[in-house]
Amino acid sequence: MTSTQKKTLPTAPFYRWQQSGQQQLATFLAHGARHGLPPLTWTLAPTGALTGEADGLSHPTPQDQRSAVEQWAAHVGATVTRRTTRDGREELYAGWKTGQGVGEVGGCFRATIFPDDEEDA
């Protein structure tokens with residue numbers, strides 16, 4: 001292979017992973033509706049990983065954002081970690097995984113709370 005040729009990855013595994021992630025998302029949506037969990041903004045990565053975000057538009061107050069992440073994390077048994085960035089943003093993160101090995105789906109629930117949002121609450 002020359003330096004100008006690119007090696008491409010086979011796409012089949014990525015589509016399988018995304019299908020697993022899509023199935024997990026369907027399960028989450030059904031559980032969320034059944035258990036009264038707050039809706040999140042969902043992203044599906046090429047690897048099948050899911051991110052559920054409690055954004056400031058759907059969850060207008062910082063406490064709404066915190067509560068959304070905490071409720072979803074509790075639902076799957078994940079631990080919420082918090083950190084404050086140098087510019088004062090509060091970052092909430094709760095990672096999770098389902099299954100074992102091939103076809104395993106993972107992801108996180110997250111929120112970014114900006115200092116100005118806290119003042120408006």
# chains A, B, ... in the order shown; residues from 1 in each chain; ligands from 1
>>> residues_around(residues="Cys108 (chain A)", least_positions_apart="2", cutoff="9 Å", atoms="only C-alpha atoms", output="PyMOL selection string")
chain A and resi 49-53+73+78+93-97+106+110
>>> closest_atom_pairs(of="region 3-76 of chain A", to="region 85-90 of chain A", cutoff="12 Å", atoms="only C-alpha atoms", output="Markdown table")
| residue | atom | partner | partner_atom | distance |
| --- | --- | --- | --- | --- |
| A:Pro62 | CA | A:Glu90 | CA | 9.4 |
| A:Gln63 | CA | A:Glu90 | CA | 11.6 |
| A:Gln65 | CA | A:Glu90 | CA | 10.7 |
| A:Arg66 | CA | A:Glu90 | CA | 9.8 |
>>> atom_distance(atom1="CA of Ala26 (chain A)", atom2="CA of Val76 (chain A)")
14.6 Å
>>> atom_distance(atom1="CA of Thr79 (chain A)", atom2="CA of Leu57 (chain A)")
24.1 Å
>>> atom_distance(atom1="CA of His35 (chain A)", atom2="CA of Ala54 (chain A)")
17.1 Å
>>> residues_around(residues="Leu25 (chain A)", least_positions_apart="2", cutoff="12 Å", atoms="only C-alpha atoms", output="PyMOL selection string")
chain A and resi 18-23+27-32+39-45+48-52+98+105-108
>>> select_by_dssp(residues="region 42-110 of chain A", states="strand (DSSP E)", output="ChimeraX atom specification")
/A:42-44,50-53,81-84,90-98,105-110
>>> closest_residue(among="A:Gly56, A:Thr11, A:Trp72, A:Gly77", to="Pro115 (chain A)", atoms="only C-alpha atoms")
A:Gly56
>>> select_by_dssp(residues="chain A", states="helix (DSSP H, G or I)", output="MDAnalysis selection string")
chainID A and resid 12:35 62:76 115:120
>>> closest_residue(among="A:Glu91, A:Phe109, A:Pro38, A:Pro46", to="Trp17 (chain A)", atoms="only C-alpha atoms")
A:Pro46
>>> decode(residues="region 18-67 of chain A", atoms="N, CA and C atoms", output="tab-separated table (two decimals), in the first residue's frame")
chain	number	residue	atom	x	y	z
A	18	GLN	N	-24.58	-0.45	15.30
A	18	GLN	CA	-25.63	0.57	15.34
A	18	GLN	C	-27.01	-0.06	15.50
A	19	GLN	N	-27.24	-1.21	14.90
A	19	GLN	CA	-28.52	-1.89	15.07
A	19	GLN	C	-28.71	-2.31	16.53
A	20	SER	N	-27.64	-2.78	17.18
A	20	SER	CA	-27.72	-3.12	18.61
A	20	SER	C	-28.04	-1.87	19.43
A	21	GLY	N	-27.37	-0.77	19.09
A	21	GLY	CA	-27.64	0.49	19.79
A	21	GLY	C	-29.06	0.96	19.57
A	22	GLN	N	-29.55	0.80	18.36
A	22	GLN	CA	-30.93	1.20	18.05
A	22	GLN	C	-31.92	0.36	18.86
A	23	GLN	N	-31.65	-0.92	19.00
A	23	GLN	CA	-32.53	-1.78	19.80
A	23	GLN	C	-32.50	-1.36	21.26
A	24	GLN	N	-31.31	-1.01	21.77
A	24	GLN	CA	-31.21	-0.54	23.15
A	24	GLN	C	-31.97	0.76	23.32
A	25	LEU	N	-31.86	1.65	22.34
A	25	LEU	CA	-32.58	2.92	22.41
A	25	LEU	C	-34.09	2.67	22.45
A	26	ALA	N	-34.58	1.75	21.64
A	26	ALA	CA	-36.02	1.44	21.65
A	26	ALA	C	-36.44	0.94	23.03
A	27	THR	N	-35.59	0.12	23.65
A	27	THR	CA	-35.88	-0.36	25.00
A	27	THR	C	-35.90	0.80	25.98
A	28	PHE	N	-34.91	1.70	25.89
A	28	PHE	CA	-34.87	2.86	26.77
A	28	PHE	C	-36.12	3.73	26.60
A	29	LEU	N	-36.52	3.97	25.37
A	29	LEU	CA	-37.69	4.81	25.14
A	29	LEU	C	-38.95	4.19	25.75
A	30	ALA	N	-39.09	2.88	25.60
A	30	ALA	CA	-40.24	2.19	26.19
A	30	ALA	C	-40.20	2.26	27.71
A	31	HIS	N	-39.02	2.01	28.29
A	31	HIS	CA	-38.88	2.07	29.76
A	31	HIS	C	-39.10	3.49	30.26
A	32	GLY	N	-38.56	4.46	29.54
A	32	GLY	CA	-38.72	5.85	29.95
A	32	GLY	C	-40.18	6.26	30.00
A	33	ALA	N	-40.94	5.88	28.98
A	33	ALA	CA	-42.37	6.21	28.94
A	33	ALA	C	-43.11	5.48	30.06
A	34	ARG	N	-42.77	4.22	30.26
A	34	ARG	CA	-43.47	3.40	31.27
A	34	ARG	C	-43.17	3.86	32.69
A	35	HIS	N	-41.94	4.33	32.93
A	35	HIS	CA	-41.51	4.70	34.28
A	35	HIS	C	-41.49	6.21	34.53
A	36	GLY	N	-41.97	6.98	33.58
A	36	GLY	CA	-42.05	8.43	33.76
A	36	GLY	C	-40.69	9.13	33.82
A	37	LEU	N	-39.70	8.57	33.11
A	37	LEU	CA	-38.38	9.20	33.09
A	37	LEU	C	-38.39	10.39	32.14
A	38	PRO	N	-37.59	11.42	32.42
A	38	PRO	CA	-37.59	12.59	31.54
A	38	PRO	C	-36.99	12.27	30.17
A	39	PRO	N	-37.58	12.78	29.10
A	39	PRO	CA	-37.02	12.57	27.76
A	39	PRO	C	-35.63	13.20	27.64
A	40	LEU	N	-34.77	12.54	26.89
A	40	LEU	CA	-33.42	13.03	26.66
A	40	LEU	C	-33.22	13.23	25.16
A	41	THR	N	-32.16	13.94	24.79
A	41	THR	CA	-31.72	14.03	23.41
A	41	THR	C	-30.75	12.87	23.20
A	42	TRP	N	-31.06	11.98	22.25
A	42	TRP	CA	-30.27	10.76	22.05
A	42	TRP	C	-29.38	10.87	20.82
A	43	THR	N	-28.16	10.34	20.95
A	43	THR	CA	-27.22	10.26	19.84
A	43	THR	C	-26.74	8.82	19.74
A	44	LEU	N	-26.69	8.29	18.52
A	44	LEU	CA	-26.21	6.95	18.25
A	44	LEU	C	-24.90	7.05	17.49
A	45	ALA	N	-23.82	6.57	18.09
A	45	ALA	CA	-22.49	6.61	17.47
A	45	ALA	C	-22.32	5.46	16.48
A	46	PRO	N	-21.35	5.53	15.57
A	46	PRO	CA	-21.08	4.43	14.65
A	46	PRO	C	-20.78	3.11	15.37
A	47	THR	N	-20.26	3.19	16.58
A	47	THR	CA	-19.94	1.98	17.35
A	47	THR	C	-21.15	1.41	18.07
A	48	GLY	N	-22.30	2.08	17.96
A	48	GLY	CA	-23.51	1.64	18.65
A	48	GLY	C	-23.69	2.28	20.01
A	49	ALA	N	-22.69	3.02	20.48
A	49	ALA	CA	-22.80	3.68	21.78
A	49	ALA	C	-23.91	4.74	21.72
A	50	LEU	N	-24.64	4.84	22.83
A	50	LEU	CA	-25.72	5.82	22.95
A	50	LEU	C	-25.33	6.90	23.94
A	51	THR	N	-25.70	8.12	23.61
A	51	THR	CA	-25.56	9.22	24.56
A	51	THR	C	-26.94	9.83	24.74
A	52	GLY	N	-27.37	9.89	26.00
A	52	GLY	CA	-28.61	10.57	26.35
A	52	GLY	C	-28.25	11.86	27.05
A	53	GLU	N	-28.61	12.97	26.46
A	53	GLU	CA	-28.21	14.27	27.01
A	53	GLU	C	-29.41	15.04	27.52
A	54	ALA	N	-29.25	15.58	28.71
A	54	ALA	CA	-30.23	16.49	29.30
A	54	ALA	C	-29.77	17.90	28.96
A	55	ASP	N	-30.24	18.40	27.82
A	55	ASP	CA	-29.79	19.71	27.37
A	55	ASP	C	-30.61	20.83	28.00
A	56	GLY	N	-30.09	22.03	27.89
A	56	GLY	CA	-30.72	23.20	28.50
A	56	GLY	C	-32.00	23.64	27.83
A	57	LEU	N	-32.28	23.19	26.61
A	57	LEU	CA	-33.52	23.56	25.94
A	57	LEU	C	-34.68	22.70	26.41
A	58	SER	N	-34.44	21.39	26.50
A	58	SER	CA	-35.50	20.47	26.93
A	58	SER	C	-35.69	20.47	28.44
A	59	HIS	N	-34.62	20.79	29.15
A	59	HIS	CA	-34.63	20.81	30.61
A	59	HIS	C	-34.15	22.21	31.03
A	60	PRO	N	-35.10	23.15	31.18
A	60	PRO	CA	-34.74	24.57	31.28
A	60	PRO	C	-33.95	25.00	32.51
A	61	THR	N	-34.03	24.27	33.61
A	61	THR	CA	-33.27	24.71	34.78
A	61	THR	C	-32.13	23.74	35.05
A	62	PRO	N	-31.08	24.21	35.70
A	62	PRO	CA	-29.99	23.31	36.07
A	62	PRO	C	-30.48	22.11	36.88
A	63	GLN	N	-31.42	22.34	37.79
A	63	GLN	CA	-31.92	21.22	38.59
A	63	GLN	C	-32.66	20.20	37.72
A	64	ASP	N	-33.38	20.68	36.69
A	64	ASP	CA	-34.04	19.76	35.76
A	64	ASP	C	-33.02	18.88	35.04
A	65	GLN	N	-31.91	19.50	34.62
A	65	GLN	CA	-30.86	18.75	33.94
A	65	GLN	C	-30.23	17.71	34.88
A	66	ARG	N	-29.90	18.15	36.09
A	66	ARG	CA	-29.31	17.22	37.07
A	66	ARG	C	-30.26	16.06	37.34
A	67	SER	N	-31.52	16.37	37.56
A	67	SER	CA	-32.51	15.36	37.88
A	67	SER	C	-32.67	14.36	36.75
